file input-v5.txt (compact mmCIF, C-alpha atoms and all ligand atoms)
# COMPACT_ATOMS: atom_id res chain seq x y z
CA MET A 24 -192.50 197.85 20.44
CA ARG A 25 -191.50 194.41 19.14
CA PRO A 26 -194.60 193.16 17.32
CA TYR A 27 -193.63 189.57 16.54
CA ASP A 28 -190.56 189.03 18.55
CA ALA A 29 -190.10 187.91 22.12
CA ASP A 30 -186.56 187.49 23.28
CA VAL A 31 -187.59 187.31 26.92
CA SER A 32 -187.75 183.91 28.48
CA LEU A 33 -191.00 182.98 30.22
CA ASP A 34 -190.74 183.07 33.99
CA LEU A 35 -193.32 180.43 34.93
CA ASP A 36 -194.91 181.00 38.30
CA LEU A 37 -196.17 177.75 39.88
CA ARG A 38 -199.53 177.99 41.68
CA PRO A 39 -200.62 174.45 42.55
CA ALA A 40 -204.33 173.63 42.55
CA PRO A 41 -205.58 173.86 46.16
CA GLN A 42 -208.22 171.23 45.43
CA PRO A 43 -207.06 168.74 42.82
CA LEU A 44 -209.56 166.07 41.83
CA PRO A 45 -209.58 163.39 44.59
CA ASP A 46 -207.46 160.31 43.79
CA ALA A 47 -210.45 157.99 43.49
CA GLU A 48 -212.21 160.26 41.02
CA ARG A 49 -209.07 160.71 38.93
CA ALA A 50 -208.57 156.93 38.91
CA ALA A 51 -212.14 156.50 37.65
CA VAL A 52 -211.44 158.96 34.80
CA LEU A 53 -208.14 157.28 33.92
CA ALA A 54 -209.86 153.88 33.75
CA ASP A 55 -211.71 155.05 30.64
CA PRO A 56 -210.57 158.51 29.56
CA GLY A 57 -211.61 158.37 25.91
CA PHE A 58 -210.15 161.34 24.03
CA GLY A 59 -210.40 165.04 24.87
CA ARG A 60 -213.26 164.63 27.33
CA TYR A 61 -211.54 165.25 30.66
CA PHE A 62 -208.99 167.84 31.66
CA THR A 63 -206.33 167.81 34.35
CA ASP A 64 -206.09 170.02 37.44
CA HIS A 65 -203.65 172.53 35.95
CA MET A 66 -202.99 174.61 32.88
CA ALA A 67 -200.28 177.01 31.79
CA THR A 68 -200.93 180.50 30.47
CA ALA A 69 -198.88 183.50 29.47
CA ARG A 70 -200.01 186.86 28.17
CA TRP A 71 -198.45 188.95 25.45
CA THR A 72 -198.85 192.57 24.44
CA THR A 73 -196.94 194.54 21.85
CA ASP A 74 -195.73 196.91 24.56
CA ASP A 75 -194.69 194.42 27.23
CA GLY A 76 -193.93 191.21 25.31
CA TRP A 77 -194.61 187.98 27.21
CA HIS A 78 -195.59 188.28 30.87
CA ASP A 79 -197.82 186.76 33.59
CA ALA A 80 -196.60 183.25 32.77
CA ALA A 81 -197.87 180.66 35.22
CA VAL A 82 -198.92 177.10 35.79
CA HIS A 83 -202.12 177.38 37.79
CA PRO A 84 -205.45 175.64 38.40
CA LEU A 85 -207.47 175.01 35.24
CA GLU A 86 -210.00 177.78 34.86
CA PRO A 87 -212.20 179.32 32.14
CA PHE A 88 -211.02 182.38 30.23
CA THR A 89 -212.68 185.75 30.33
CA LEU A 90 -212.67 187.20 26.83
CA HIS A 91 -214.01 190.49 25.56
CA PRO A 92 -216.78 189.75 23.03
CA ALA A 93 -214.75 191.66 20.44
CA ALA A 94 -211.59 189.55 20.98
CA ALA A 95 -209.95 189.06 17.59
CA VAL A 96 -209.89 185.27 17.85
CA LEU A 97 -213.69 185.15 18.04
CA HIS A 98 -214.14 187.10 14.81
CA TYR A 99 -211.15 186.50 12.59
CA GLY A 100 -209.88 183.16 13.86
CA GLN A 101 -206.37 184.35 14.71
CA GLU A 102 -205.42 181.14 16.50
CA ILE A 103 -202.88 178.31 16.40
CA PHE A 104 -202.43 175.08 18.32
CA GLU A 105 -200.29 172.00 18.79
CA GLY A 106 -200.83 168.42 19.89
CA LEU A 107 -198.36 166.09 21.57
CA LYS A 108 -198.37 163.40 24.24
CA ALA A 109 -196.61 162.49 27.47
CA TYR A 110 -195.94 158.75 27.75
CA ARG A 111 -195.39 156.80 30.97
CA HIS A 112 -192.73 154.11 30.72
CA ALA A 113 -192.78 150.79 32.59
CA ASP A 114 -190.47 152.19 35.32
CA GLY A 115 -192.91 155.04 36.02
CA SER A 116 -190.86 157.76 34.30
CA VAL A 117 -192.70 160.19 32.00
CA TRP A 118 -191.42 161.32 28.60
CA LEU A 119 -192.25 163.63 25.72
CA PHE A 120 -191.60 162.62 22.12
CA ARG A 121 -189.73 165.18 19.99
CA PRO A 122 -191.37 168.24 21.65
CA ASP A 123 -188.80 170.45 19.89
CA LYS A 124 -190.54 169.59 16.60
CA ASN A 125 -193.85 170.82 17.98
CA ALA A 126 -192.17 173.97 19.31
CA ARG A 127 -190.68 174.73 15.89
CA ARG A 128 -193.97 174.09 14.12
CA PHE A 129 -195.78 176.31 16.64
CA ALA A 130 -193.36 179.10 15.76
CA ARG A 131 -193.99 178.56 12.05
CA SER A 132 -197.75 178.59 12.59
CA ALA A 133 -197.43 181.77 14.68
CA ARG A 134 -195.57 183.48 11.86
CA ARG A 135 -198.24 182.49 9.32
CA LEU A 136 -201.09 183.68 11.57
CA ALA A 137 -199.24 186.90 12.52
CA LEU A 138 -199.20 185.90 16.18
CA PRO A 139 -196.23 186.69 18.45
CA MET A 140 -193.18 184.45 18.50
CA LEU A 141 -192.83 182.27 21.56
CA ASP A 142 -189.32 181.05 22.19
CA GLU A 143 -189.10 177.33 21.36
CA ASP A 144 -187.49 176.53 24.71
CA ASP A 145 -190.28 178.40 26.49
CA PHE A 146 -192.85 176.33 24.61
CA VAL A 147 -191.21 173.10 25.76
CA ALA A 148 -190.74 174.43 29.31
CA ALA A 149 -194.44 175.31 29.58
CA VAL A 150 -195.48 171.87 28.32
CA GLU A 151 -193.10 170.18 30.74
CA ALA A 152 -194.33 172.30 33.65
CA VAL A 153 -197.92 171.20 33.03
CA VAL A 154 -196.85 167.54 32.81
CA ARG A 155 -194.94 167.89 36.09
CA ALA A 156 -197.87 169.57 37.85
CA ASP A 157 -200.26 166.89 36.59
CA VAL A 158 -197.98 163.88 36.53
CA ALA A 159 -200.60 161.87 38.45
CA TRP A 160 -202.77 162.25 35.34
CA VAL A 161 -200.33 160.45 33.05
CA PRO A 162 -201.92 157.01 32.78
CA SER A 163 -199.87 153.92 33.51
CA ALA A 164 -199.25 152.04 30.27
CA ALA A 165 -198.07 149.02 32.23
CA ASP A 166 -200.39 146.54 30.55
CA GLY A 167 -199.29 147.61 27.09
CA GLN A 168 -202.30 149.89 26.68
CA GLU A 169 -201.71 152.88 24.40
CA THR A 170 -202.65 155.45 27.02
CA SER A 171 -201.04 158.86 27.40
CA LEU A 172 -201.55 162.43 28.54
CA TYR A 173 -202.46 164.50 25.49
CA LEU A 174 -201.12 168.05 25.60
CA ARG A 175 -202.73 170.92 23.76
CA PRO A 176 -200.66 174.12 23.55
CA PHE A 177 -202.44 176.97 21.79
CA MET A 178 -202.33 180.71 21.21
CA ILE A 179 -205.25 183.08 20.66
CA ALA A 180 -205.53 186.76 19.75
CA THR A 181 -207.31 188.42 22.66
CA GLU A 182 -207.30 192.09 21.76
CA ALA A 183 -210.76 193.70 21.67
CA PHE A 184 -210.63 195.41 18.29
CA LEU A 185 -212.76 194.91 15.19
CA GLY A 186 -210.31 196.24 12.63
CA VAL A 187 -208.52 193.64 10.57
CA ARG A 188 -204.84 193.61 11.55
CA PRO A 189 -202.64 191.44 13.76
CA ALA A 190 -203.89 191.75 17.34
CA HIS A 191 -201.74 193.60 19.85
CA GLU A 192 -202.65 191.18 22.65
CA ALA A 193 -202.46 187.41 22.73
CA THR A 194 -202.65 184.55 25.21
CA PHE A 195 -200.64 181.34 25.11
CA GLY A 196 -201.99 178.32 26.94
CA VAL A 197 -201.41 174.62 27.55
CA VAL A 198 -204.15 172.28 28.69
CA ALA A 199 -203.84 168.53 29.21
CA SER A 200 -206.29 165.69 28.74
CA PRO A 201 -205.77 161.99 29.48
CA ALA A 202 -206.16 159.79 26.41
CA GLY A 203 -207.18 156.16 26.21
CA PRO A 204 -206.20 153.79 23.42
CA TYR A 205 -207.30 155.18 20.05
CA PHE A 206 -208.43 151.76 18.91
CA SER A 207 -210.17 149.70 21.55
CA GLY A 208 -210.26 146.08 20.48
CA GLY A 209 -207.44 146.08 17.93
CA VAL A 210 -206.38 148.39 15.14
CA GLN A 211 -209.25 149.02 12.76
CA GLY A 212 -209.00 150.05 9.13
CA VAL A 213 -210.91 153.07 7.83
CA ASN A 214 -212.39 154.09 4.49
CA LEU A 215 -211.52 157.47 3.02
CA TRP A 216 -213.82 159.65 0.95
CA VAL A 217 -211.85 161.40 -1.82
CA THR A 218 -213.63 164.73 -1.88
CA ASP A 219 -213.93 166.54 -5.18
CA ARG A 220 -216.08 169.30 -3.74
CA TYR A 221 -213.95 170.62 -0.89
CA VAL A 222 -210.27 171.50 -0.64
CA ARG A 223 -208.43 171.95 2.65
CA ALA A 224 -205.61 174.13 1.38
CA SER A 225 -204.15 175.82 -1.62
CA ARG A 226 -200.74 177.19 -2.40
CA GLY A 227 -200.03 180.23 -0.25
CA GLY A 228 -202.92 179.42 2.11
CA THR A 229 -202.76 178.15 5.69
CA GLY A 230 -202.59 174.41 4.96
CA ASP A 231 -199.13 174.10 6.45
CA ALA A 232 -200.07 175.93 9.66
CA LYS A 233 -201.82 174.26 12.57
CA THR A 234 -204.69 176.69 12.89
CA GLY A 235 -208.31 176.27 13.91
CA GLY A 236 -209.67 177.69 10.66
CA ASN A 237 -208.42 174.67 8.72
CA TYR A 238 -210.46 172.49 11.03
CA ALA A 239 -213.58 174.64 10.88
CA ALA A 240 -213.39 174.36 7.10
CA SER A 241 -213.01 170.57 7.28
CA LEU A 242 -216.24 169.85 9.15
CA ALA A 243 -218.55 170.03 6.14
CA ALA A 244 -216.19 167.76 4.19
CA GLN A 245 -216.15 165.34 7.09
CA ALA A 246 -219.95 165.32 7.08
CA GLU A 247 -219.86 164.58 3.33
CA ALA A 248 -217.54 161.64 3.99
CA ARG A 249 -219.96 160.29 6.61
CA ASP A 250 -222.88 160.65 4.20
CA ARG A 251 -220.89 158.59 1.72
CA GLY A 252 -220.32 155.85 4.27
CA CYS A 253 -216.67 156.76 4.89
CA ASP A 254 -214.80 157.51 8.09
CA GLN A 255 -212.59 160.38 6.97
CA VAL A 256 -211.74 162.63 4.06
CA LEU A 257 -208.84 162.35 1.64
CA TYR A 258 -208.11 165.80 0.24
CA LEU A 259 -206.69 166.58 -3.18
CA ASP A 260 -204.72 169.69 -4.12
CA GLY A 261 -206.62 172.94 -4.56
CA GLU A 262 -205.56 173.73 -8.11
CA GLU A 263 -205.92 170.59 -10.20
CA HIS A 264 -207.83 168.30 -7.84
CA ALA A 265 -205.41 165.65 -8.99
CA TRP A 266 -202.74 165.24 -6.32
CA LEU A 267 -203.02 163.62 -2.92
CA GLU A 268 -202.69 166.01 0.00
CA GLU A 269 -203.68 164.57 3.37
CA ALA A 270 -206.50 163.19 5.43
CA GLY A 271 -207.63 166.33 7.25
CA THR A 272 -206.07 165.61 10.61
CA MET A 273 -203.46 163.11 9.46
CA ASN A 274 -200.79 162.75 6.82
CA VAL A 275 -201.19 160.00 4.25
CA PHE A 276 -198.79 157.26 3.17
CA LEU A 277 -198.70 154.47 0.58
CA VAL A 278 -196.67 151.27 0.76
CA THR A 279 -195.66 149.78 -2.56
CA ALA A 280 -195.03 146.16 -3.52
CA ASP A 281 -191.38 147.03 -4.20
CA GLY A 282 -190.86 148.39 -0.70
CA GLU A 283 -191.32 152.14 -1.00
CA LEU A 284 -192.93 154.20 1.73
CA LEU A 285 -194.49 157.00 -0.31
CA THR A 286 -195.95 160.24 1.03
CA PRO A 287 -196.94 163.55 -0.59
CA ALA A 288 -194.18 166.16 -0.51
CA LEU A 289 -194.54 169.16 1.81
CA GLY A 290 -196.13 172.37 0.57
CA SER A 291 -199.75 172.94 1.48
CA ILE A 292 -199.95 169.97 3.86
CA LEU A 293 -199.22 169.99 7.57
CA GLU A 294 -195.73 168.75 8.39
CA GLY A 295 -196.55 166.01 10.88
CA VAL A 296 -194.10 164.94 13.56
CA THR A 297 -195.41 161.40 13.04
CA ARG A 298 -194.85 161.77 9.28
CA ASP A 299 -191.26 162.85 9.78
CA SER A 300 -190.60 160.09 12.33
CA LEU A 301 -192.00 157.36 10.08
CA LEU A 302 -189.90 158.53 7.14
CA GLU A 303 -186.81 158.27 9.38
CA LEU A 304 -187.78 154.86 10.77
CA ALA A 305 -188.68 153.39 7.37
CA PRO A 306 -185.20 152.05 6.49
CA ASP A 307 -185.10 150.13 9.81
CA LEU A 308 -188.10 148.21 8.52
CA GLY A 309 -186.68 147.65 5.04
CA LEU A 310 -188.72 150.43 3.44
CA THR A 311 -187.38 153.21 1.22
CA PRO A 312 -188.89 156.59 2.16
CA VAL A 313 -189.97 158.73 -0.80
CA GLU A 314 -191.56 162.20 -0.65
CA ARG A 315 -193.04 163.36 -3.95
CA ARG A 316 -196.22 164.40 -5.72
CA ILE A 317 -198.63 161.47 -5.89
CA GLY A 318 -201.53 161.60 -8.31
CA LEU A 319 -204.96 160.22 -7.47
CA ALA A 320 -204.76 158.54 -10.90
CA GLU A 321 -201.54 156.81 -9.84
CA LEU A 322 -203.09 155.66 -6.58
CA ARG A 323 -206.14 154.27 -8.36
CA GLU A 324 -204.10 152.47 -11.02
CA ARG A 325 -201.70 151.03 -8.50
CA LEU A 326 -204.43 149.88 -6.14
CA ALA A 327 -206.00 148.14 -9.13
CA ASP A 328 -202.79 146.45 -10.31
CA GLY A 329 -201.65 145.63 -6.79
CA SER A 330 -198.41 147.62 -6.89
CA VAL A 331 -199.69 149.77 -3.99
CA THR A 332 -200.30 147.25 -1.24
CA GLU A 333 -201.09 149.45 1.76
CA VAL A 334 -202.38 152.93 2.55
CA PHE A 335 -202.42 154.54 5.96
CA ALA A 336 -202.91 157.87 7.71
CA ALA A 337 -200.48 159.06 10.41
CA GLY A 338 -200.72 161.54 13.28
CA THR A 339 -200.04 161.84 17.00
CA ALA A 340 -203.52 160.80 18.15
CA ALA A 341 -203.81 157.41 16.40
CA VAL A 342 -200.13 156.99 15.37
CA ILE A 343 -201.12 155.02 12.25
CA THR A 344 -204.63 154.41 11.02
CA PRO A 345 -204.71 151.79 8.26
CA VAL A 346 -206.85 152.71 5.24
CA VAL A 347 -208.66 149.69 3.83
CA GLY A 348 -210.64 151.39 1.07
CA ILE A 349 -211.14 154.61 -0.85
CA ARG A 350 -214.32 155.92 -2.40
CA GLY A 351 -214.95 158.97 -4.55
CA GLU A 352 -216.88 160.47 -7.40
CA ASP A 353 -215.58 160.70 -10.95
CA ARG A 354 -215.52 164.33 -12.04
CA GLY A 355 -218.51 165.37 -14.08
CA GLN A 356 -219.83 161.83 -14.37
CA GLY A 357 -221.45 161.49 -10.98
CA ALA A 358 -220.45 157.83 -10.81
CA VAL A 359 -219.04 156.67 -7.51
CA TYR A 360 -215.91 154.55 -7.63
CA GLU A 361 -214.78 152.36 -4.81
CA GLN A 362 -211.48 150.57 -4.41
CA GLN A 363 -210.25 148.20 -1.76
CA VAL A 364 -206.71 148.53 -0.44
CA GLY A 365 -204.83 145.23 -0.40
CA ASP A 366 -207.08 142.52 0.99
CA GLY A 367 -209.23 145.03 2.85
CA THR A 368 -207.53 144.54 6.22
CA PRO A 369 -204.71 146.53 7.92
CA GLY A 370 -201.42 145.75 6.15
CA ALA A 371 -198.30 144.21 7.68
CA ALA A 372 -195.97 147.16 6.99
CA SER A 373 -198.49 149.64 8.45
CA LEU A 374 -198.79 147.58 11.61
CA ALA A 375 -195.01 147.06 11.85
CA LEU A 376 -194.34 150.81 11.52
CA ARG A 377 -197.02 151.50 14.09
CA ALA A 378 -195.49 149.04 16.55
CA ALA A 379 -191.98 150.41 15.95
CA LEU A 380 -193.03 153.98 16.74
CA LEU A 381 -195.07 152.97 19.80
CA ASP A 382 -192.21 150.83 21.13
CA LEU A 383 -189.97 153.88 20.93
CA GLN A 384 -192.49 156.23 22.54
CA TYR A 385 -193.17 153.83 25.41
CA GLY A 386 -189.47 153.11 25.95
CA ARG A 387 -189.66 149.46 24.92
CA THR A 388 -186.85 149.87 22.38
CA PRO A 389 -183.66 151.94 22.66
CA ASP A 390 -183.99 155.59 21.65
CA ALA A 391 -181.02 155.67 19.28
CA ARG A 392 -182.02 159.05 17.80
CA GLY A 393 -182.49 160.89 21.09
CA TRP A 394 -186.15 161.61 20.32
CA LEU A 395 -187.41 161.16 23.87
CA ARG A 396 -187.18 163.85 26.52
CA ARG A 397 -187.61 162.85 30.15
CA VAL A 398 -189.93 165.07 32.21
CA VAL A 399 -190.36 163.07 35.42
C1 LIG B 401 -201.56 167.86 13.55
C2 LIG B 401 -201.89 167.49 12.14
C3 LIG B 401 -201.34 166.36 11.50
C4 LIG B 401 -200.44 165.37 12.20
O1 LIG B 401 -199.32 165.92 12.78
P1 LIG B 401 -198.55 165.14 13.96
O2 LIG B 401 -197.49 166.08 14.37
O3 LIG B 401 -198.03 163.89 13.37
O4 LIG B 401 -199.57 164.86 15.02
C5 LIG B 401 -201.64 166.16 10.18
N1 LIG B 401 -202.47 166.97 9.51
C6 LIG B 401 -203.04 168.04 10.09
C7 LIG B 401 -203.94 168.92 9.30
C8 LIG B 401 -202.77 168.33 11.42
O5 LIG B 401 -203.34 169.39 11.98
call {"tool": "encode", "arguments": {"input": "input-v5.txt", "output": "structure tokens", "more": "lines below"}}
Ligand SMILES: *Cc1c(COP(=O)(O)O)cnc(C)c1O
result
Amino acid sequence: MRPYDADVSLDLDLRPAPQPLPDAERAAVLADPGFGRYFTDHMATARWTTDDGWHDAAVHPLEPFTLHPAAAVLHYGQEIFEGLKAYRHADGSVWLFRPDKNARRFARSARRLALPMLDEDDFVAAVEAVVRADVAWVPSAADGQETSLYLRPFMIATEAFLGVRPAHEATFGVVASPAGPYFSGGVQGVNLWVTDRYVRASRGGTGDAKTGGNYAASLAAQAEARDRGCDQVLYLDGEEHAWLEEAGTMNVFLVTADGELLTPALGSILEGVTRDSLLELAPDLGLTPVERRIGLAELRERLADGSVTEVFAAGTAAVITPVVGIRGEDRGQGAVYEQQVGDGTPGAASLALRAALLDLQYGRTPDARGWLRRVV
């Protein structure tokens, strides 16, 4: 028995969908896919048991799961996931962006959630196999539209057992969903609600793992943000409620008047692939990347004195979402504060970083760092 180790490589069986969605219907979906609403013809799955390791790996027609009602994932949330995109370049070729980073993070999340290890190459191979099977679903970005095929690898504990221990059975899967431009009609700025009531993570918790429970716990905070007239939440640290963490589904960055690109250091936040890429690209745009603790007090002072000029959130889905204002409640006083970022519109550095990353992902600038991986 090898509980959390799988040294066997997945042998992916390819079973093409006998009845893929007709071309005209797929074209209608791709004309306005939105986000996460439609799914492609295929999926990948593989099963794992403590006795047999990984087996039954296949790319096959998309189909619902059958789960025992006592499956561990349904009761104890033993689950992890990833999110990455396939981009179509102007010549029709299809590429992934740094999928090795997602594979490594998936392995880290698996360790934290006591799920079985999936070889990082197998993770990438499964993602690629789904993209190949559903390449017709990768939208054409010919007109400069930010369209892509969003890929959602995940792993769930499937063993029917109500005791609390790591499950002895798990399923890995990859589904794909075409994605339209995140911002239709130009990049919009958002307002963040600095929550003092909820925390997303604390030291030693699961904040640095990509697991569904973090998201379940974020929904009430998100509702609070909406009630306060904000678009998303800005979380503070769990111990002192004083240090910036992240924006729930995105990492957070500040741009300073003296050219620093500041972001909270790793620890209880999720290590974003976008975050890492922006820190690496920063010098190309004349910005100095800095990872450190950032106090809410510092942010508020520096927004007021103008030495922080821009704030943005970063993640795969939206790339960069400019933050044009923050709002929150002063502890114990009940008074709501509200501060504008810069002139209240998306900042130049945020937009330049966004364009630089998109140009790379869509093959419009040379890939000097070897971040792109061709699939088709
Ligand atoms: C996925 C995720 C991010 C962004 O990560 P990317 O790899 O850049 O997409 C940030 N925060 C949380 C909580 C996430 O789950």
call {"tool": "residues_near_ligand", "arguments": {"input": "input-v5.txt", "ligand": "ligand LIG 401 (chain B)", "cutoff": "6 Å", "atoms": "all atoms listed in the file", "output": "VMD selection string"}}
result
chain A and resid 233 271 to 274 293 295 to 298 338 to 339
call {"tool": "atom_distance", "arguments": {"input": "input-v5.txt", "atom1": "CA of Arg155 (chain A)", "atom2": "CA of Phe195 (chain A)"}}
result
18.3 Å
call {"tool": "residues_around", "arguments": {"input": "input-v5.txt", "residues": "Asp55 (chain A)", "least_positions_apart": "2", "cutoff": "10 Å", "atoms": "only C-alpha atoms", "output": "PyMOL selection string"}}
result
chain A and resi 50-53+57-58+170+201-204
call {"tool": "closest_residue", "arguments": {"input": "input-v5.txt", "among": "A:Glu169, A:Ile179, A:Gln42, A:His98", "to": "Pro56 (chain A)", "atoms": "all atoms listed in the file"}}
result
A:Glu169
call {"tool": "closest_residue", "arguments": {"input": "input-v5.txt", "among": "A:Arg127, A:His112, A:His83, A:Arg134", "to": "Ser163 (chain A)", "atoms": "all atoms listed in the file"}}
result
A:His112
call {"tool": "atom_distance", "arguments": {"input": "input-v5.txt", "atom1": "CA of Ala358 (chain A)", "atom2": "CA of Arg220 (chain A)"}}
result
14.2 Å
